[in-house]
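Source file data02.cif; content: mmCIF, C-alpha atoms.
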data_data
#
loop_
_atom_site.label_atom_id
_atom_site.label_comp_id
_atom_site.auth_asym_id
_atom_site.auth_seq_id
_atom_site.Cartn_x
_atom_site.Cartn_y
_atom_site.Cartn_z
CA MET A 102 101.02 -139.02 -108.69
CA THR A 103 103.72 -141.64 -109.01
CA ILE A 104 106.74 -141.89 -106.72
CA LEU A 105 108.93 -140.44 -109.46
CA ASP A 106 106.54 -137.52 -109.93
CA ASP A 107 106.66 -136.78 -106.20
CA LEU A 108 110.45 -137.10 -106.03
CA LEU A 109 110.87 -134.72 -108.96
CA ALA A 110 108.37 -132.26 -107.50
CA GLY A 111 110.46 -132.12 -104.34
CA ILE A 112 113.61 -131.01 -106.19
CA ASP A 113 113.45 -127.24 -106.02
CA ASP A 114 117.05 -126.23 -106.62
CA GLU A 115 119.80 -126.82 -109.14
CA ALA A 116 123.26 -128.34 -108.93
CA PRO A 117 125.87 -128.74 -111.66
CA VAL A 118 126.74 -132.25 -112.80
CA ARG A 119 130.37 -133.19 -112.15
CA SER A 120 130.36 -136.59 -113.85
CA VAL A 121 128.14 -139.28 -115.37
CA GLN A 122 129.18 -142.93 -115.58
CA VAL A 123 127.05 -145.66 -117.18
CA GLY A 124 128.68 -148.97 -116.27
CA ALA A 125 127.66 -152.52 -117.02
CA HIS A 126 125.86 -152.90 -113.69
CA TRP A 127 125.57 -149.42 -112.17
CA THR A 128 124.98 -145.89 -113.32
CA MET A 129 126.51 -143.07 -111.29
CA VAL A 130 125.76 -139.35 -111.38
CA CYS A 131 127.75 -136.90 -109.26
CA SER A 132 126.30 -133.47 -108.59
CA ARG A 133 125.67 -132.19 -105.05
CA HIS A 134 126.44 -135.73 -103.91
CA CYS A 135 126.90 -138.94 -105.90
CA GLY A 136 123.94 -141.17 -106.69
CA LEU A 137 123.71 -144.73 -107.98
CA ALA A 138 121.04 -146.57 -109.95
CA SER A 139 120.89 -149.91 -111.71
CA THR A 140 121.97 -150.02 -115.32
CA ILE A 141 119.18 -151.79 -117.18
CA CYS A 142 120.12 -152.43 -120.79
CA PRO A 143 117.38 -152.45 -123.42
CA PRO A 144 116.69 -155.71 -125.30
CA SER A 145 118.22 -154.25 -128.46
CA PRO A 146 121.17 -152.20 -127.22
CA HIS A 147 122.08 -150.75 -130.62
CA ASP A 148 118.51 -149.73 -131.55
CA HIS A 149 118.43 -146.01 -132.34
CA GLN A 150 115.18 -145.73 -130.37
CA THR A 151 116.99 -146.70 -127.16
CA ARG A 152 119.99 -144.44 -127.52
CA VAL A 153 120.71 -141.99 -124.69
CA ARG A 154 119.80 -138.42 -125.55
CA ASP A 155 122.78 -136.05 -125.63
CA ALA A 156 125.23 -138.83 -124.77
CA GLY A 157 128.67 -137.27 -124.52
CA SER A 158 127.41 -133.99 -123.12
CA LEU A 159 125.32 -135.13 -120.14
CA HIS A 160 127.91 -133.65 -117.79
CA THR A 161 127.09 -130.18 -119.15
CA LYS A 162 123.49 -130.38 -117.95
CA SER A 163 122.17 -129.61 -114.50
CA ALA A 164 121.30 -132.47 -112.17
CA ARG A 165 117.67 -131.31 -112.26
CA GLU A 166 117.64 -131.74 -116.05
CA LEU A 167 119.12 -135.21 -115.77
CA ALA A 168 116.64 -136.14 -113.03
CA GLU A 169 113.83 -135.74 -115.58
CA TYR A 170 115.37 -138.64 -117.50
CA ALA A 171 113.92 -140.90 -114.77
CA LEU A 172 110.55 -140.66 -116.54
CA SER A 173 111.97 -142.00 -119.81
CA LYS A 174 110.78 -145.28 -121.29
CA ASN A 175 114.39 -145.92 -122.27
CA PRO A 176 115.82 -147.86 -119.29
CA LEU A 177 119.32 -146.48 -119.79
CA GLU A 178 117.99 -142.93 -119.57
CA ALA A 179 115.75 -143.82 -116.63
CA GLY A 180 118.77 -145.15 -114.73
CA ILE A 181 120.62 -141.89 -115.33
CA GLY A 182 117.59 -140.00 -114.06
CA VAL A 183 117.23 -142.03 -110.87
CA ALA A 184 120.96 -141.71 -110.18
CA ALA A 185 120.63 -137.94 -110.66
CA ILE A 186 117.73 -137.82 -108.19
CA ASN A 187 119.83 -139.73 -105.67
CA SER A 188 122.72 -137.33 -106.22
CA LEU A 189 120.53 -134.40 -105.19
CA LEU A 190 119.01 -135.82 -102.02
CA GLU A 191 120.09 -134.35 -98.71
CA ILE A 192 120.19 -136.80 -95.80
CA ASP A 193 119.82 -135.82 -92.17
CA GLU A 194 122.24 -138.14 -90.38
CA ARG A 195 119.99 -138.04 -87.31
CA ASP A 196 117.25 -139.84 -89.24
CA VAL A 197 119.23 -142.76 -90.66
CA VAL A 198 120.75 -145.94 -89.28
CA GLU A 199 123.79 -147.62 -90.83
CA ILE A 200 122.56 -151.17 -91.27
CA ASN A 201 122.27 -153.71 -94.07
CA ALA A 202 118.73 -154.45 -95.25
CA SER A 203 119.44 -158.19 -95.00
CA GLU A 204 119.76 -157.79 -91.23
CA ILE A 205 116.34 -156.18 -91.07
CA LEU A 206 114.78 -158.96 -93.15
CA SER A 207 116.41 -161.69 -91.10
CA GLY A 208 115.40 -160.13 -87.79
CA ARG A 209 111.89 -158.96 -88.63
CA GLY A 210 111.13 -161.96 -90.83
CA ALA A 211 111.41 -164.65 -88.17
CA GLY A 212 108.26 -166.77 -88.43
CA LYS A 213 106.94 -164.58 -91.27
CA LYS A 214 106.22 -165.05 -94.96
CA VAL A 215 108.52 -162.81 -96.98
CA ALA A 216 108.28 -161.79 -100.63
CA LEU A 217 111.48 -160.40 -102.11
CA VAL A 218 111.41 -158.76 -105.53
CA GLY A 219 114.94 -158.91 -106.89
CA HIS A 220 117.61 -161.59 -106.64
CA PHE A 221 120.00 -160.41 -103.92
CA PRO A 222 123.17 -162.20 -102.75
CA PHE A 223 121.88 -162.41 -99.17
CA ILE A 224 118.99 -164.71 -100.10
CA PRO A 225 120.41 -167.92 -98.54
CA ARG A 226 120.90 -166.17 -95.19
CA VAL A 227 117.42 -164.66 -95.16
CA ARG A 228 115.83 -167.93 -96.27
CA GLN A 229 117.20 -169.65 -93.16
CA ALA A 230 115.80 -166.95 -90.88
CA VAL A 231 112.20 -166.64 -92.14
CA SER A 232 109.22 -168.96 -92.27
CA HIS A 233 108.93 -168.82 -96.06
CA LEU A 234 110.69 -166.78 -98.73
CA TRP A 235 109.50 -166.14 -102.26
CA VAL A 236 111.99 -164.55 -104.63
CA ILE A 237 110.41 -162.81 -107.61
CA GLU A 238 112.70 -161.89 -110.48
CA GLN A 239 112.28 -160.67 -114.06
CA ASN A 240 115.08 -163.00 -115.14
CA PRO A 241 114.50 -165.87 -112.69
CA SER A 242 117.25 -168.19 -111.53
CA THR A 243 116.63 -171.66 -110.14
CA GLY A 244 114.10 -171.41 -107.32
CA ASP A 245 112.94 -167.91 -108.28
CA GLN A 246 109.42 -167.01 -109.34
CA PRO A 247 108.79 -165.04 -112.55
CA ALA A 248 107.71 -161.41 -112.36
CA SER A 249 104.27 -162.41 -113.61
CA SER A 250 103.67 -164.23 -110.31
CA ALA A 251 103.82 -161.02 -108.24
CA PRO A 252 100.01 -160.47 -108.11
CA ASP A 253 99.57 -163.98 -106.69
CA ILE A 254 102.44 -163.90 -104.19
CA ILE A 255 102.80 -160.38 -102.79
CA PRO A 256 99.29 -160.10 -101.25
CA GLY A 257 100.04 -163.21 -99.15
CA ALA A 258 103.32 -161.89 -97.71
CA ASP A 259 103.74 -160.49 -94.20
CA ILE A 260 106.89 -158.67 -95.30
CA VAL A 261 107.52 -157.36 -98.81
CA ALA A 262 110.98 -156.23 -99.88
CA LEU A 263 111.19 -154.52 -103.27
CA THR A 264 114.34 -153.72 -105.19
CA GLY A 265 114.94 -150.04 -105.81
CA SER A 266 115.63 -151.02 -109.42
CA ALA A 267 111.85 -151.21 -109.79
CA LEU A 268 111.96 -147.41 -109.79
CA VAL A 269 114.18 -147.53 -112.87
CA ASN A 270 111.93 -149.91 -114.82
CA HIS A 271 108.79 -148.11 -113.60
CA THR A 272 107.22 -151.10 -111.85
CA LEU A 273 107.56 -149.92 -108.23
CA ASP A 274 104.19 -148.18 -107.96
CA GLY A 275 102.34 -151.22 -109.26
CA LEU A 276 104.18 -153.57 -106.90
CA LEU A 277 103.33 -151.38 -103.91
CA GLU A 278 99.64 -151.56 -104.81
CA LEU A 279 99.81 -155.35 -104.35
CA CYS A 280 101.00 -155.14 -100.72
CA ARG A 281 98.57 -155.80 -97.86
CA PRO A 282 97.88 -152.75 -95.67
CA ASP A 283 99.30 -154.57 -92.64
CA ALA A 284 102.45 -155.81 -94.40
CA LEU A 285 105.88 -154.41 -93.55
CA VAL A 286 107.16 -152.94 -96.82
CA LEU A 287 110.81 -152.23 -97.61
CA VAL A 288 112.47 -150.78 -100.68
CA LEU A 289 116.15 -151.68 -100.79
CA GLY A 290 119.29 -151.53 -102.88
CA PRO A 291 121.60 -148.79 -104.19
CA SER A 292 118.93 -147.40 -106.56
CA THR A 293 116.64 -146.62 -103.62
CA PRO A 294 116.17 -142.91 -102.91
CA LEU A 295 116.73 -142.18 -99.22
CA SER A 296 113.68 -139.96 -99.15
CA PRO A 297 110.55 -139.84 -96.95
CA VAL A 298 108.55 -139.37 -100.15
CA LEU A 299 108.37 -143.17 -100.36
CA PHE A 300 106.50 -143.27 -97.04
CA ASP A 301 103.60 -141.46 -98.70
CA HIS A 302 103.27 -144.42 -101.07
CA GLY A 303 103.03 -147.18 -98.47
CA VAL A 304 106.71 -147.90 -97.82
CA ASP A 305 107.81 -148.41 -94.19
CA ILE A 306 111.59 -148.70 -94.58
CA VAL A 307 113.93 -147.45 -97.31
CA ALA A 308 117.40 -148.96 -97.38
CA GLY A 309 119.80 -147.30 -99.78
CA SER A 310 123.38 -146.14 -99.94
CA ARG A 311 125.55 -143.04 -99.71
CA ILE A 312 128.82 -142.80 -101.63
CA VAL A 313 131.74 -141.60 -99.55
CA ASP A 314 134.66 -142.31 -101.91
CA GLU A 315 133.70 -140.79 -105.23
CA THR A 316 136.97 -141.30 -107.08
CA THR A 317 137.30 -144.99 -106.26
CA ILE A 318 133.68 -145.80 -107.04
CA ARG A 319 133.78 -143.87 -110.32
CA HIS A 320 136.57 -146.17 -111.50
CA GLN A 321 134.78 -149.27 -110.20
CA VAL A 322 131.48 -148.41 -111.90
CA ALA A 323 133.20 -147.57 -115.19
CA GLN A 324 135.09 -150.87 -115.08
CA GLY A 325 131.99 -153.04 -114.66
CA ALA A 326 132.01 -153.70 -110.91
CA THR A 327 129.06 -155.40 -109.27
CA PHE A 328 127.83 -153.89 -106.02
CA GLN A 329 129.70 -156.55 -104.04
CA GLN A 330 132.92 -155.21 -105.59
CA ILE A 331 132.18 -151.58 -104.84
CA THR A 332 133.90 -150.02 -101.84
CA GLY A 333 133.45 -146.64 -100.21
CA VAL A 334 129.68 -146.88 -99.74
CA ARG A 335 127.66 -146.55 -96.55
CA LYS A 336 124.50 -148.65 -96.39
CA LEU A 337 121.87 -146.47 -94.74
CA THR A 338 118.28 -147.10 -93.65
CA LEU A 339 115.52 -144.55 -93.19
CA SER A 340 112.33 -145.66 -91.42
CA ARG A 341 108.83 -144.32 -91.16
CA ARG A 342 108.40 -142.96 -87.63
CA ARG A 343 106.23 -145.86 -86.46
CA GLU A 344 108.95 -148.29 -87.61
CA ALA A 345 111.93 -146.38 -86.21
#

Encoded form using structure tokens:
Amino acid sequence: MTILDDLLAGIDDEAPVRSVQVGAHWTMVCSRHCGLASTICPPSPHDHQTRVRDAGSLHTKSARELAEYALSKNPLEAGIGVAAINSLLEIDERDVVEINASEILSGRGAGKKVALVGHFPFIPRVRQAVSHLWVIEQNPSTGDQPASSAPDIIPGADIVALTGSALVNHTLDGLLELCRPDALVLVLGPSTPLSPVLFDHGVDIVAGSRIVDETTIRHQVAQGATFQQITGVRKLTLSRRREA
């Protein structure tokens, strides 16, 4: 079973949807809690095959119904589904630490080779702290490696950090298969489900977020804010017991 299959199998109750926002950068679903996921636009945004099912009435569905959208091949629908999953997850505060994933990478990466899938703003800081940093990105910037290089790079990394957005574009399971058994594996970013389900798939640390100011963030998401512009979010980390 895939990570998404396992996450969906673990949702055994319903919750009404209070709001759905699909912004330029982030998608937000509020049900029991509020969940975020990356907005990934299809190559042809006005193609009828990539339209969102039932757009305009998504708020009338249950969060469990929206969570099923995570399996969609339409990336806009998949983002809504992942955000819905995140909106349903309960977090035991005793199990999480409030820390930024960049601090973990900088501290644990000293003298190590690190592969980072996703272009994050903390890259310059982490690059100074580790022995070697590869950045793998689907739309590479200067110095990044293309996504096609992942099979050559990831098996050689001591630490692998994967963007939670890979859950939205359905590449996360394949990327995890490339990691060495002894590598420290993180999944990070606002799309990341703070769920121990990921530990069953080889992940050691999940670093996600919890929204604490729904009203403010709803406006920010709808108005095209990047994550650096979003306020009212706690950055939380959940670790496998051996990594705690």

Take the PyMOL selection byres ((chain A and resi 225) around 12), apply it to the structure above, and return the hits as a PDB file with C-alpha atoms, keeping the file's coordinate frame.
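As written to disk, selection22.pdb reads:
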ATOM      1  CA  SER A 203     119.440-158.190 -95.000  1.00  0.00           C
ATOM      2  CA  LEU A 206     114.780-158.960 -93.150  1.00  0.00           C
ATOM      3  CA  SER A 207     116.410-161.690 -91.100  1.00  0.00           C
ATOM      4  CA  HIS A 220     117.610-161.590-106.640  1.00  0.00           C
ATOM      5  CA  PHE A 221     120.000-160.410-103.920  1.00  0.00           C
ATOM      6  CA  PRO A 222     123.170-162.200-102.750  1.00  0.00           C
ATOM      7  CA  PHE A 223     121.880-162.410 -99.170  1.00  0.00           C
ATOM      8  CA  ILE A 224     118.990-164.710-100.100  1.00  0.00           C
ATOM      9  CA  ARG A 226     120.900-166.170 -95.190  1.00  0.00           C
ATOM     10  CA  VAL A 227     117.420-164.660 -95.160  1.00  0.00           C
ATOM     11  CA  ARG A 228     115.830-167.930 -96.270  1.00  0.00           C
ATOM     12  CA  GLN A 229     117.200-169.650 -93.160  1.00  0.00           C
ATOM     13  CA  ALA A 230     115.800-166.950 -90.880  1.00  0.00           C
ATOM     14  CA  VAL A 231     112.200-166.640 -92.140  1.00  0.00           C
ATOM     15  CA  HIS A 233     108.930-168.820 -96.060  1.00  0.00           C
ATOM     16  CA  LEU A 234     110.690-166.780 -98.730  1.00  0.00           C
ATOM     17  CA  TRP A 235     109.500-166.140-102.260  1.00  0.00           C
ATOM     18  CA  VAL A 236     111.990-164.550-104.630  1.00  0.00           C
ATOM     19  CA  GLY A 244     114.100-171.410-107.320  1.00  0.00           C
TER      20      GLY A 244
END

Excluding Ala216 in chain A and its own-chain neighbours fewer than 4 positions away, which residues fall within 9 Å of it when counting only C-alpha atoms? Please give them as number ranges by chain.
A: 233-237, 251, 254-255, 257-263

Between A:Ala110, A:Ser266, A:Arg311, A:Val123, which residue has the minimum interatomic distance to Ala156 in chain A, considering all atoms listed in the file?
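Result for the nearest residue to Ala156 in chain A: A:Val123.
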
Taking the file above as input, evaluate the PyMOL selection byres ((chain A and resi 316-325) around 12) and report the hits as number ranges by chain.
A: 119-131, 135-140, 311-315, 326-334

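Between CA of His134 in chain A and CA of Ser310 in chain A the separation is 11.6 Å.
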
Could you pull range 265-306 of chain A out of the structure I just pasted and write it to a file containing N, CA and C atoms, as a short mmCIF file (atom, residue, chain, number, x, y, z; two decimals), in the first residue's frame?
data_model
loop_
_atom_site.label_atom_id
_atom_site.label_comp_id
_atom_site.auth_asym_id
_atom_site.auth_seq_id
_atom_site.Cartn_x
_atom_site.Cartn_y
_atom_site.Cartn_z
N GLY A 265 7.19 17.54 1.48
CA GLY A 265 5.87 16.93 1.59
C GLY A 265 5.03 17.11 0.35
N SER A 266 5.42 18.05 -0.52
CA SER A 266 4.71 18.24 -1.78
C SER A 266 4.79 17.01 -2.67
N ALA A 267 5.79 16.15 -2.40
CA ALA A 267 5.90 14.91 -3.17
C ALA A 267 4.72 13.99 -2.92
N LEU A 268 4.00 14.22 -1.82
CA LEU A 268 2.77 13.46 -1.57
C LEU A 268 1.67 13.93 -2.51
N VAL A 269 1.68 15.22 -2.84
CA VAL A 269 0.67 15.78 -3.73
C VAL A 269 0.89 15.30 -5.16
N ASN A 270 2.14 15.28 -5.61
CA ASN A 270 2.39 14.85 -7.00
C ASN A 270 2.68 13.36 -7.11
N HIS A 271 2.47 12.62 -6.03
CA HIS A 271 2.52 11.16 -6.02
C HIS A 271 3.91 10.60 -6.32
N THR A 272 4.96 11.32 -5.92
CA THR A 272 6.31 10.81 -6.13
C THR A 272 6.99 10.38 -4.83
N LEU A 273 6.33 10.60 -3.68
CA LEU A 273 6.99 10.36 -2.40
C LEU A 273 7.37 8.90 -2.20
N ASP A 274 6.49 7.98 -2.53
CA ASP A 274 6.79 6.56 -2.32
C ASP A 274 8.02 6.13 -3.13
N GLY A 275 8.10 6.58 -4.37
CA GLY A 275 9.24 6.22 -5.20
C GLY A 275 10.54 6.80 -4.69
N LEU A 276 10.49 8.03 -4.17
CA LEU A 276 11.70 8.66 -3.63
C LEU A 276 12.17 7.92 -2.39
N LEU A 277 11.25 7.48 -1.55
CA LEU A 277 11.63 6.76 -0.34
C LEU A 277 12.31 5.43 -0.67
N GLU A 278 11.92 4.81 -1.76
CA GLU A 278 12.53 3.55 -2.16
C GLU A 278 14.00 3.72 -2.55
N LEU A 279 14.40 4.95 -2.88
CA LEU A 279 15.78 5.21 -3.28
C LEU A 279 16.72 5.40 -2.08
N CYS A 280 16.17 5.61 -0.90
CA CYS A 280 16.99 5.91 0.28
C CYS A 280 17.69 4.67 0.81
N ARG A 281 18.95 4.84 1.23
CA ARG A 281 19.68 3.75 1.86
C ARG A 281 19.01 3.38 3.19
N PRO A 282 19.08 2.10 3.59
CA PRO A 282 18.48 1.70 4.86
C PRO A 282 19.06 2.42 6.07
N ASP A 283 20.33 2.83 5.97
CA ASP A 283 20.96 3.49 7.12
C ASP A 283 20.86 5.01 7.06
N ALA A 284 20.22 5.55 6.03
CA ALA A 284 20.11 7.01 5.90
C ALA A 284 19.07 7.54 6.87
N LEU A 285 19.28 8.77 7.33
CA LEU A 285 18.28 9.49 8.11
C LEU A 285 17.35 10.16 7.11
N VAL A 286 16.05 9.85 7.21
CA VAL A 286 15.08 10.31 6.20
C VAL A 286 14.06 11.23 6.86
N LEU A 287 13.92 12.43 6.29
CA LEU A 287 12.95 13.41 6.76
C LEU A 287 11.96 13.71 5.64
N VAL A 288 10.72 13.97 6.02
CA VAL A 288 9.75 14.57 5.11
C VAL A 288 9.34 15.89 5.75
N LEU A 289 9.41 16.98 5.01
CA LEU A 289 9.24 18.29 5.61
C LEU A 289 8.41 19.22 4.74
N GLY A 290 7.88 20.25 5.38
CA GLY A 290 7.10 21.26 4.67
C GLY A 290 5.64 21.20 5.09
N PRO A 291 4.88 22.25 4.81
CA PRO A 291 3.49 22.34 5.26
C PRO A 291 2.57 21.24 4.74
N SER A 292 2.92 20.63 3.60
CA SER A 292 2.08 19.54 3.07
C SER A 292 2.22 18.25 3.87
N THR A 293 3.26 18.16 4.69
CA THR A 293 3.60 16.90 5.36
C THR A 293 2.58 16.53 6.43
N PRO A 294 1.98 15.35 6.33
CA PRO A 294 1.07 14.91 7.39
C PRO A 294 1.85 14.56 8.66
N LEU A 295 1.45 15.13 9.78
CA LEU A 295 2.08 14.82 11.06
C LEU A 295 1.47 13.53 11.58
N SER A 296 1.87 12.44 10.94
CA SER A 296 1.29 11.14 11.24
C SER A 296 2.38 10.08 11.32
N PRO A 297 2.30 9.17 12.31
CA PRO A 297 3.26 8.07 12.39
C PRO A 297 3.14 7.07 11.26
N VAL A 298 2.11 7.19 10.44
CA VAL A 298 1.98 6.32 9.27
C VAL A 298 3.23 6.39 8.40
N LEU A 299 3.84 7.56 8.31
CA LEU A 299 5.02 7.72 7.47
C LEU A 299 6.20 6.89 7.98
N PHE A 300 6.23 6.61 9.29
CA PHE A 300 7.31 5.79 9.84
C PHE A 300 7.28 4.38 9.27
N ASP A 301 6.11 3.89 8.94
CA ASP A 301 5.98 2.54 8.38
C ASP A 301 6.53 2.47 6.96
N HIS A 302 6.85 3.60 6.37
CA HIS A 302 7.35 3.65 4.99
C HIS A 302 8.80 4.12 4.93
N GLY A 303 9.50 4.05 6.07
CA GLY A 303 10.93 4.34 6.07
C GLY A 303 11.31 5.74 6.47
N VAL A 304 10.35 6.56 6.88
CA VAL A 304 10.64 7.93 7.30
C VAL A 304 11.02 7.93 8.78
N ASP A 305 12.02 8.74 9.14
CA ASP A 305 12.45 8.85 10.54
C ASP A 305 11.89 10.08 11.23
N ILE A 306 11.75 11.18 10.49
CA ILE A 306 11.28 12.44 11.06
C ILE A 306 10.29 13.09 10.10
#
